[in-house]
Number of protein chains: 2
Amino acid sequence: METGASRRTWIETLKLVPPSLSDNTADQERFITALQKRLGTSAIQLDLDLARALPALLRRWDYRLRCALIHDREIWHVCGLTGAADPRPLCGMAIDLGTTRIVLSLLHLETGQVLQEDSFDNPQGTIGPDVLTRVHHADQEGGLNHLKHLVVEGLNRMIGGLCERARIERDRIVLLALAGNTTMTHLFMGLSPHWIIREPYIPVVNRPGIPSAVRLGLDVAAGARIIIFPNIGSYFGGDLIAGILYSELDRREQPALLVDVGTNAEVVLGDQNWLIACAGAAGPALESGVSRIGTTARPGAIDQVRIRGANRRFEMRTIDNAPPLGICGSGVIDLAAQLFTSGMIDIQGRFVPAACGERLIKSDGERQLVIAEADITATGKALTISQSDLDSLMRSKAAMYTILETITEAVGMTPPQLTTFFVAGTFGAFIDPRSAITIGMLPDLPLACYRTLGNSSLEGAKTVLQQPQSLERIDRIRDRITYMELNVNQAFMNRFSAAKFLPHTNPGLFPSVVTPSTTRAAGV
Amino acid sequence: METGASRRTWIETLKLVPPSLSDNTADQERFITALQKRLGTSAIQLDLDLARALPALLRRWDYRLRCALIHDREIWHVCGLTGAADPRPLCGMAIDLGTTRIVLSLLHLETGQVLQEDSFDNPQGTIGPDVLTRVHHADQEGGLNHLKHLVVEGLNRMIGGLCERARIERDRIVLLALAGNTTMTHLFMGLSPHWIIREPYIPVVNRPGIPSAVRLGLDVAAGARIIIFPNIGSYFGGDLIAGILYSELDRREQPALLVDVGTNAEVVLGDQNWLIACAGAAGPALESGVSRIGTTARPGAIDQVRIRGANRRFEMRTIDNAPPLGICGSGVIDLAAQLFTSGMIDIQGRFVPAACGERLIKSDGERQLVIAEADITATGKALTISQSDLDSLMRSKAAMYTILETITEAVGMTPPQLTTFFVAGTFGAFIDPRSAITIGMLPDLPLACYRTLGNSSLEGAKTVLQQPQSLERIDRIRDRITYMELNVNQAFMNRFSAAKFLPHTNPGLFPSVVTPSTTRAAGV
C-alpha cells in the first residue's frame with residue numbers, strides 16, 4: 001500500500017473481475033473497489049464524463065486498464081483511463097504561464113520523458129505588455145472573460161500543435177501542471193485580479209488546487225486535472241513556488257537564496273527548516289532595459305558589451321549577430337559594468353566626459369553616450385544611452401541589492417555570507433554575474449556560488465509531473481514560507497541610498513570589484 | 001465542533017476578519033479558514049464559480065455571510081452563499097423522478113418549510129410510457145442525450161414555475177435531492193442504461209454521490225449540489241432507498257416490511273440491525289389495471305367498487321365523479337375482491353355464471369362481465385372485464401404474494417408474523433388493504449398494521465433536505481441492504497401456484513377472509 005507522499009507513479013494497472021449474476025456491482029463501483037484495494041483508501045472520485053464512458057470502455061478492454069490518479073487532499077481523482085494493452089502513452093503537459101511568454105512541455109506521463117516543447121507570446125500582450133494594463137482591462141465589461149479566452153485559446157492552439165508533432169491525440173493528456181505569477185494565474189482561471197493591485201493587495205485564491213482542466217476551457221482528456229501552483233500573495237506567485245521546487249531550496253541543509261530578477265525582484269531565502277520570502281519593485285530598467293533603446297531579447301538585441309584597451313573600443317554581441325536595434329536587460333547590466341570599469345562613468349553612475357570623449361553628445365536636452373553609430377544599426381539611427389537611463393538603472397540595481405540585504409539581515413545574515421545563490425527566470429539566465437556584481441546589483445560572492453536555473457517556472461511544473469511524490473512538497477513549501485512585507489521605512493531608504501553607488505557606498509562589501517578609483521589610487 | 005452526522009443545519013453564519021496589510025490572505029482562503037474553525041475540518045471545497053463571485057460578495061456583505069455546506073465523504077462543499085443580513089432564504093428542491101410522473105417540492109432550507117409543490121408528466125413519456133422503450137431509445141444515435149435533455153428541460157421549467165410562485169430567484173436553490181429508479185436516475189445523469197436491462201443487469205453507477213447540479217444541466221445556483229439517491233442494482237433504485245429513509249425502517253426495533261407495488265414489486269424487510277431486499281416482476285395488471293379497460297388514475301377512472309345486496313348491485317366511485325372511462329389499478333383490486341366475496345368469481349378467479357347473471361356476456365370469443373353499461377360511460381361503450389383480464393390479475397397478485405412469502409421465509413418468518421407493513425408509492429396509497437387481503441395479494445394482517453406512505457420517494461428526498469443529519473443514513477441504508485436475487489426455481493413456482501387462488505390454496509393464511517364457500521358451508 002502506497003501513500004500519496006511516497007507514490008512514484010501516476011499510473012495504476014488494474015484487472016477487474018467481470019460482472020456476473022452473482023456480482024451485479026455497477027461498473028463505476030467495480031472499478032472504484034479495485035482501486036480502493038490497490039491504494040488502500042476509500043475516497044476515490046470519478047469524473048461524470050469518465051463514468052459515462054466507463055461501461056463501453058471496460059467491455060472493450062476486457063476489464064483490464066491503466067488509469068492515472070491524483071489526490072487532492074483526502075480524495076483521489078481518476079484523471080485518465082486507457083486499455084491495459086494500449087501502446088499509446090498517457091501524457092502530461094507542463095505550462096509556464098509568463099506575462100510575456102508562455103512555454104509548454106508535453107511529457108510521457110508514464111516515463112517522464114519530454115516529447116515536445118515550444119513557446120508562444122502571451123496573447124494577452126495585445127491588450128497590454130504589462131500586468132497593470134491587463135488588470136485594468138479585466139475591470140472593463142467583459143474584459144476578464146476576454147483575457148481568459150485569449151490565454152485559453154492560445155494554450156489550446158499550442159497543445160494541438162505539440163500533440164500533432166508528437167503524434168499524440170490531445171485526449172491522451174490527462175494531467176497538467178501550470179505555474180505563473182498570481183495575476184496570470186487569476187486571469188487564466190477567470191478570477192478577477194482587481195484587488196491584487198489595490199491595497200491591501202488581496203488575491204481571490206491562494207491555493208487553486210487541482211481543478212478540472214476541461215472546466216477551465218482546456219481541450220484535453222475529459223477527466224484531466226490541472227495542478228495549479230499556489231501563491232503566497234499578490235506579489236509572490238506560483239512561478240516562484242515552482243522555482244523553489246525545482247531548485248530544491250526547501251531540501252537544503254545550508255541556507256541558500258533564490259531570486260527572480262525582473263521588474264519585481266522576488267526573493268526567497270531558506271533551507272530545509274525555514275523559508276522566508278519578500279518581493280519588491282526593482283523598476284523596469286533591469287528586465288526590459290532602459291527606456292528608449294531597451295528591447296526584449298530578440299535578434300538584434302545587444303546582450304553583451306566589452307570595452308577594451310586604452311582607446312576604449314566597444315565590442316558588442318547581438319542576438320543572432322543581427323545588426324543592433326537595441327539593448328536587452330542583460331546587455332544593459334554588462335554595459336554599465338563596462339562603462340564603470342573603463343572609467344567612463346563614476347561611482348554615482350555619472351558620465352566622465354574626459355573618459356567618454358567623442359562618444360558623449362548632447363541630445364534632447366541631456367548628455368547621451370553613443371553605443372552604436374547610425375551606420376551599423378538596424379534602424380539607421382545611432383543607439384545612445386542617456387544620463388537619465390543610467391539614473392534609472394542605478395535605482396533599479398540599488399533596489400535589488402537593498403531587497404537582498406533586507407531579507408538576509410532579517411535572518412541575521414549578510415549577503416556575502418551566502419554560499420548558494422540561485423538566479424531564476426529566463427532573464428536571470430542571461431545575466432553575467434560578474435557584471436551584476438561589478439555594478440553592485442548582486443552580492444560579491446565567488447562566481448561558483450551563482451547558479452542560474454533557466455526557466456525554473458516551467459522546470460518546476462515539469463518536476464511535479466515527472467515526480468508524483470513531489471506533489472505534496474508544493475503545499476508544504478507554500479505553507480512553510482514566511483512572507484515578509486517590505487516596509488519602505490527609513491532604514492530601507494538608508495540602505496537604498498547607500499546602494500545607489502557603484503558598486504556601493506561601502507566598497508568593503510564588494511572586495512572583488514576593482515573600481516577605477518581604486519586603480520587610480522594604486523597609481524595606474 | 002459539530003460532526004457531519006450530528007449536524008442539524010445546512011447553514012453556517014460567519015463573520016470574517018476583513019483583510020489588511022498585515023493579513024493579506026486571499027478571499028477564498030480567508031473564508032475557508034473561518035469555515036475550518038467552525039466545522040473543525042480542514043477539507044473544504046469552494047466551487048470555481050463561487051470563488052469567482054467571492055471577492056465582490058465579501059466586500060458587499062462587509063465580510064458577514066451565511067453559507068450552505070454539504071459534505072461528500074471527507075470533503076465539505078460550499079454550495080451556496082448569501083449575505084448574513086439578507087432576508088431571503090436559501091432554498092432546497094426535492095425531486096421524485098418517476099417513470100410516469102415527476103414531482104417537485106421547493107423548500108426553505110433554513111427552516112425546512114415546504115414553499116411550493118407541483119408535478120408534471122415525465123416528458124420522456126413521449127418516447128415511450130415504459131422503461132424498456134426508453135432504454136432502447138437511449139441506444140439510438142443521440143437517443144441518450146435526447147432523453148436526458150427532455151427530463152432536464154422539464155425539471156428546469158417546473159423549477160422556474162415553482163420559484164415564480166414562491167417569489168424566489170432560482171439561484172437561491174443551493175441544494176437538491178433526487179430519488180428515482182435506477183433507469184430514470186441514469187437517464188437524468190446522461191449515463192447509458194444499456195446494461196441495466198441485459199444480463200447480468202449492471203448499472204453504470206451505484207452511488208451517484210452529490211454532483212454539481214449545474215453540471216447536470218439544472219438552472220439553479222452556481223455552486224448547487226444535488227444529492228442523488230444511490231441504488232442497489234438495476235431493479236432496486238434510489239426511490240426505494242428514499243422510501244426506507246422516510247419510513248425509518250432502518251431505525252425500527254421490530255422488523256417491518258416495505259413494499260412498492262407496481263409492475264415490479266420491490267420489497268425490503270428489516271429493522272435497525274438488518275435489511276434484506278428483493279425485486280421481481282409482478283406483471284402490469286396491478287399498476288395500470290387490466291389491459292382494455294385499464295387506465296391511469298385520472299378523472300373518470302373507477303377507483304372503488306362495492307357490490308351490495310342479494311341482487312348484487314354495483315356501486316362505483318370514479319375520480320372527480322366523472323362518467324366512468326376505465327378502471328385504475330386500485331379499482332381493479334377492489335373489483336376482484338368484491339366479485340369474489342359476492343360469489344361472482346370462484347377461488348380460481350373464474351366467473352360463476354349463476355351469480356353473474358345477465359352481466360356475463362360473450363364477446364371477442366370469451367366471457368366478459370359488464371361493469372358499467374354503455375349509457376353511463378364516458379365513451380358510450382360498455383366497460384367490461386374479461387376472463388383473461390382476471391387471469392392476468394390472478395398472476396400478478398400471486399407473484400406479489402409469492403415475493404412477500406419468499407423474502408419473509410428467507411429470514412425465518414412468515415408474512416402473518418409481520419407487525420408493520422409499509423405500502424409505498426402513489427399507487428400503493430390508493431389500494432384498499434382490505435380488498436388486497438381479500439384477493440390474497442397482501443398478507444392477512446390487522447388493517448392497523450398497514451401504513452401507506454404516499455409518495456415515499458418524494459418524502460425521502462424532502463427528509464434529507466429537512467434533516468441534514470439523515471444524509472449519512474442514505475449511504476448506511478444502501479450499504480446495509482442485502483439484496484436477494486429472486487431465483488425463479490421450483491420452490492418459487494410451487495409457492496406461486498399455491499398463491500393463484502383466492503385468497504390462497506391455504507385459507508388458513510387468510511383467516512379474516514370470509515369466502516363464499518365458507519359462507520355456504522355455514523348454511524347461509
# chains A, B, ... in the order shown; residues from 1 in each chain; ligands from 1

$ interface_residues --of "chain A" --to "chain B" --cutoff "9 Å" --atoms "only C-alpha atoms" --output "ChimeraX atom specification"
/A:19-29,43,48,51-55,73-75,189-192,195,199-208,211,232-234,485

$ select_by_dssp --residues "stretch 41-86 of chain A" --states "helix (DSSP H, G or I)" --output "list in words"
Leu48, Asp49, Leu50, Ala51, Arg52, Ala53, Leu54, Pro55, Ala56, Leu57, Leu58, Arg59 and Arg60 of chain A

$ write_last_selection --atoms "C-alpha atoms" --output "mmCIF file, in the first residue's frame"
data_model
loop_
_atom_site.group_PDB
_atom_site.id
_atom_site.type_symbol
_atom_site.label_atom_id
_atom_site.label_comp_id
_atom_site.auth_asym_id
_atom_site.auth_seq_id
_atom_site.Cartn_x
_atom_site.Cartn_y
_atom_site.Cartn_z
ATOM 1 C CA LEU A 48 -19.007 12.265 -14.549
ATOM 2 C CA ASP A 49 -17.706 12.214 -18.112
ATOM 3 C CA LEU A 50 -15.418 9.291 -17.326
ATOM 4 C CA ALA A 51 -18.298 7.487 -15.615
ATOM 5 C CA ARG A 52 -20.357 8.000 -18.776
ATOM 6 C CA ALA A 53 -17.648 6.435 -20.916
ATOM 7 C CA LEU A 54 -16.794 3.631 -18.486
ATOM 8 C CA PRO A 55 -19.293 0.869 -19.468
ATOM 9 C CA ALA A 56 -18.214 0.773 -23.120
ATOM 10 C CA LEU A 57 -14.521 1.103 -22.234
ATOM 11 C CA LEU A 58 -14.473 -1.657 -19.611
ATOM 12 C CA ARG A 59 -16.116 -4.090 -22.010
ATOM 13 C CA ARG A 60 -13.861 -3.059 -24.906
#

$ residues_around --residues "A:Asp96" --least-positions-apart "6" --cutoff "12 Å" --atoms "only C-alpha atoms" --output "ChimeraX atom specification"
/A:102-106,117-122,155,176-181,184-185,188,228-229,237-240,242-243,425-426,454-462

$ write_last_selection --atoms "N, CA and C atoms" --output "tab-separated table (two decimals), in the first residue's frame"
chain	number	residue	atom	x	y	z
A	102	ILE	N	4.69	32.29	-23.00
A	102	ILE	CA	4.11	31.07	-22.43
A	102	ILE	C	4.85	29.88	-23.01
A	103	VAL	N	5.33	28.99	-22.14
A	103	VAL	CA	6.11	27.84	-22.60
A	103	VAL	C	5.40	26.57	-22.18
A	104	LEU	N	5.31	25.61	-23.11
A	104	LEU	CA	4.65	24.34	-22.83
A	104	LEU	C	5.59	23.18	-23.08
A	105	SER	N	5.44	22.15	-22.27
A	105	SER	CA	6.26	20.96	-22.42
A	105	SER	C	5.36	19.75	-22.30
A	106	LEU	N	5.31	18.96	-23.39
A	106	LEU	CA	4.48	17.75	-23.42
A	106	LEU	C	5.32	16.57	-22.96
A	117	GLU	N	8.36	20.47	-26.86
A	117	GLU	CA	8.38	21.68	-26.05
A	117	GLU	C	8.35	22.87	-27.00
A	118	ASP	N	7.58	23.89	-26.65
A	118	ASP	CA	7.54	25.07	-27.51
A	118	ASP	C	6.96	26.24	-26.70
A	119	SER	N	7.04	27.42	-27.29
A	119	SER	CA	6.55	28.59	-26.57
A	119	SER	C	5.87	29.54	-27.54
A	120	PHE	N	5.09	30.45	-27.00
A	120	PHE	CA	4.44	31.48	-27.82
A	120	PHE	C	4.24	32.72	-26.96
A	121	ASP	N	4.08	33.86	-27.63
A	121	ASP	CA	3.84	35.10	-26.89
A	121	ASP	C	2.48	35.02	-26.20
A	122	ASN	N	2.42	35.45	-24.95
A	122	ASN	CA	1.13	35.50	-24.25
A	122	ASN	C	0.18	36.40	-25.06
A	155	LEU	N	-3.39	28.58	-25.44
A	155	LEU	CA	-2.92	27.30	-24.90
A	155	LEU	C	-3.46	26.14	-25.73
A	176	LEU	N	-2.02	18.03	-16.05
A	176	LEU	CA	-1.28	19.22	-16.43
A	176	LEU	C	-0.75	19.88	-15.17
A	177	ALA	N	0.26	20.71	-15.33
A	177	ALA	CA	0.78	21.49	-14.21
A	177	ALA	C	1.08	22.88	-14.73
A	178	LEU	N	0.59	23.89	-14.05
A	178	LEU	CA	0.73	25.26	-14.52
A	178	LEU	C	1.31	26.14	-13.43
A	179	ALA	N	2.37	26.88	-13.79
A	179	ALA	CA	2.98	27.82	-12.85
A	179	ALA	C	3.01	29.20	-13.50
A	180	GLY	N	2.58	30.18	-12.77
A	180	GLY	CA	2.59	31.54	-13.28
A	180	GLY	C	2.51	32.51	-12.11
A	181	ASN	N	2.69	33.78	-12.39
A	181	ASN	CA	2.54	34.73	-11.30
A	181	ASN	C	1.07	34.84	-10.91
A	184	MET	N	-1.38	36.35	-13.60
A	184	MET	CA	-1.58	35.50	-14.78
A	184	MET	C	-2.42	34.27	-14.42
A	185	THR	N	-2.16	33.71	-13.25
A	185	THR	CA	-2.93	32.53	-12.81
A	185	THR	C	-4.39	32.90	-12.62
A	188	PHE	N	-6.08	33.32	-16.02
A	188	PHE	CA	-6.30	32.00	-16.64
A	188	PHE	C	-7.54	31.33	-16.06
A	228	ILE	N	-2.41	23.57	-10.30
A	228	ILE	CA	-2.08	24.98	-10.44
A	228	ILE	C	-1.27	25.38	-9.21
A	229	PHE	N	-0.06	25.85	-9.46
A	229	PHE	CA	0.83	26.17	-8.34
A	229	PHE	C	0.21	27.29	-7.51
A	237	GLY	N	4.14	34.58	-6.55
A	237	GLY	CA	3.24	33.68	-7.26
A	237	GLY	C	3.71	32.24	-7.36
A	238	GLY	N	2.90	31.48	-8.06
A	238	GLY	CA	3.17	30.06	-8.27
A	238	GLY	C	4.44	29.80	-9.05
A	239	ASP	N	4.85	30.76	-9.89
A	239	ASP	CA	6.10	30.58	-10.63
A	239	ASP	C	7.29	30.49	-9.67
A	240	LEU	N	7.21	31.26	-8.57
A	240	LEU	CA	8.30	31.21	-7.58
A	240	LEU	C	8.27	29.90	-6.80
A	242	ALA	N	7.20	27.14	-7.94
A	242	ALA	CA	7.76	26.16	-8.88
A	242	ALA	C	9.28	26.24	-8.89
A	243	GLY	N	9.81	27.46	-8.81
A	243	GLY	CA	11.26	27.65	-8.78
A	243	GLY	C	11.88	27.02	-7.54
A	425	GLY	N	14.44	32.44	-13.63
A	425	GLY	CA	13.81	33.19	-14.72
A	425	GLY	C	14.68	33.22	-15.95
A	426	THR	N	14.03	33.40	-17.09
A	426	THR	CA	14.75	33.43	-18.36
A	426	THR	C	15.73	34.58	-18.39
A	454	GLY	N	17.53	28.95	-15.28
A	454	GLY	CA	16.78	28.98	-16.54
A	454	GLY	C	15.31	29.21	-16.25
A	455	ASN	N	14.44	28.58	-17.03
A	455	ASN	CA	13.01	28.76	-16.83
A	455	ASN	C	12.56	27.86	-15.67
A	456	SER	N	12.80	28.33	-14.46
A	456	SER	CA	12.53	27.49	-13.28
A	456	SER	C	11.04	27.30	-13.05
A	457	SER	N	10.23	28.20	-13.61
A	457	SER	CA	8.78	28.05	-13.50
A	457	SER	C	8.35	26.81	-14.30
A	458	LEU	N	8.79	26.71	-15.54
A	458	LEU	CA	8.49	25.54	-16.38
A	458	LEU	C	9.11	24.28	-15.78
A	459	GLU	N	10.36	24.41	-15.33
A	459	GLU	CA	11.05	23.23	-14.80
A	459	GLU	C	10.34	22.71	-13.55
A	460	GLY	N	9.84	23.62	-12.74
A	460	GLY	CA	9.09	23.20	-11.55
A	460	GLY	C	7.82	22.47	-11.94
A	461	ALA	N	7.14	22.97	-12.97
A	461	ALA	CA	5.92	22.31	-13.43
A	461	ALA	C	6.24	20.93	-14.00
A	462	LYS	N	7.36	20.82	-14.70
A	462	LYS	CA	7.77	19.52	-15.22
A	462	LYS	C	8.12	18.58	-14.06

$ residues_around --residues "B:Ala336" --least-positions-apart "6" --cutoff "10 Å" --atoms "only C-alpha atoms" --output "compact mmCIF listing (two decimals) with N, CA and C atoms, in the first residue's frame"
# COMPACT_ATOMS: atom_id res chain seq x y z
N VAL B 305 -65.05 0.03 -5.89
CA VAL B 305 -66.22 -0.75 -6.32
C VAL B 305 -66.82 -1.45 -5.10
N SER B 342 -68.79 -11.63 -3.36
CA SER B 342 -70.20 -11.72 -3.75
C SER B 342 -70.48 -13.03 -4.50
N MET B 344 -69.36 -13.97 -7.40
CA MET B 344 -69.42 -13.88 -8.86
C MET B 344 -68.20 -14.50 -9.54
N ILE B 345 -67.10 -14.64 -8.80
CA ILE B 345 -65.97 -15.44 -9.29
C ILE B 345 -65.63 -16.44 -8.21
N GLY B 349 -60.70 -17.62 -9.58
CA GLY B 349 -60.85 -16.37 -10.32
C GLY B 349 -61.69 -16.55 -11.59
N LEU B 390 -58.97 -11.16 -15.77
CA LEU B 390 -58.94 -11.70 -14.40
C LEU B 390 -57.76 -12.65 -14.23
N LEU B 393 -54.72 -10.66 -13.65
CA LEU B 393 -54.70 -10.13 -12.29
C LEU B 393 -54.32 -11.22 -11.29
N MET B 394 -54.83 -12.44 -11.50
CA MET B 394 -54.52 -13.56 -10.59
C MET B 394 -53.01 -13.82 -10.58
N SER B 435 -59.30 -5.03 0.54
CA SER B 435 -59.50 -5.70 -0.74
C SER B 435 -58.27 -6.49 -1.15
N ALA B 436 -57.08 -5.89 -0.93
CA ALA B 436 -55.84 -6.56 -1.30
C ALA B 436 -55.67 -7.85 -0.49
N THR B 438 -58.25 -9.58 0.73
CA THR B 438 -59.32 -10.48 0.28
C THR B 438 -58.89 -11.30 -0.93
N ILE B 439 -58.15 -10.66 -1.84
CA ILE B 439 -57.71 -11.44 -3.01
C ILE B 439 -56.38 -12.15 -2.74
N LEU B 502 -57.96 -17.66 -4.69
CA LEU B 502 -58.50 -16.56 -3.90
C LEU B 502 -58.94 -17.08 -2.54

$ atom_distance --atom1 "atom CA of B:Ile159" --atom2 "atom CA of B:Ala138"
25.0 Å

$ residues_around --residues "B:His71" --least-positions-apart "6" --cutoff "9 Å" --atoms "only C-alpha atoms" --output "PyMOL selection string"
chain B and resi 4+44+77-78+210

$ closest_residue --among "A:Thr33, A:Ser330, A:Thr41, A:Asn264" --to "A:Met400" --atoms "only C-alpha atoms"
A:Asn264

$ residues_around --residues "A:Leu90" --least-positions-apart "4" --cutoff "8 Å" --atoms "only C-alpha atoms" --output "tab-separated table (two decimals) with C-alpha atoms, in the first residue's frame"
chain	number	residue	atom	x	y	z
A	68	ALA	CA	-4.00	7.93	-13.96
A	80	GLY	CA	-7.44	9.36	-17.25
A	82	THR	CA	-6.69	3.63	-21.19
A	108	HIS	CA	5.14	10.98	-21.41
A	109	LEU	CA	3.44	10.65	-18.04
A	110	GLU	CA	4.50	7.06	-17.58
A	172	ARG	CA	-4.24	11.44	-24.07
A	173	ILE	CA	-3.29	14.47	-21.93
A	174	VAL	CA	-4.70	13.59	-18.52

$ atom_distance --atom1 "atom CA of B:Leu162" --atom2 "atom CA of B:Val114"
11.2 Å

$ select_by_dssp --residues "stretch 162-245 of chain B" --states "strand (DSSP E or B)" --output "JSON, numbers by chain"
{"B": [173, 174, 175, 176, 177, 178, 179, 180, 212, 225, 226, 227, 228, 233, 236]}

$ residues_around --residues "B:Ile481" --least-positions-apart "2" --cutoff "10 Å" --atoms "only C-alpha atoms" --output "PyMOL selection string"
chain B and resi 232+241+250+268-270+274-278+476-479+483-484

$ write_last_selection --atoms "C-alpha atoms" --output "CSV table (one decimal), in the first residue's frame"
chain,number,residue,atom,x,y,z
B,232,ILE,CA,-28.6,-1.4,-5.0
B,241,ILE,CA,-33.8,3.9,-0.6
B,250,ASP,CA,-33.7,1.2,9.2
B,268,VAL,CA,-37.5,-4.6,1.8
B,269,LEU,CA,-37.7,-6.3,5.1
B,270,GLY,CA,-35.7,-5.4,8.2
B,274,TRP,CA,-30.5,-5.8,9.2
B,275,LEU,CA,-32.2,-5.1,5.9
B,276,ILE,CA,-32.9,-7.6,3.1
B,277,ALA,CA,-34.4,-6.6,-0.2
B,278,CYS,CA,-35.6,-8.2,-3.4
B,476,ARG,CA,-25.7,3.4,5.6
B,477,ILE,CA,-29.0,2.1,4.3
B,478,ARG,CA,-27.6,1.3,0.9
B,479,ASP,CA,-24.6,-0.5,2.4
B,483,TYR,CA,-30.0,-7.9,-2.0
B,484,MET,CA,-31.5,-11.3,-2.5

$ atom_distance --atom1 "atom CA of B:Thr182" --atom2 "atom CA of B:Glu248"
21.3 Å

$ closest_residue --among "A:Ala429, A:Ile226, A:Leu418, A:Leu16" --to "A:Leu175" --atoms "only C-alpha atoms"
A:Ile226
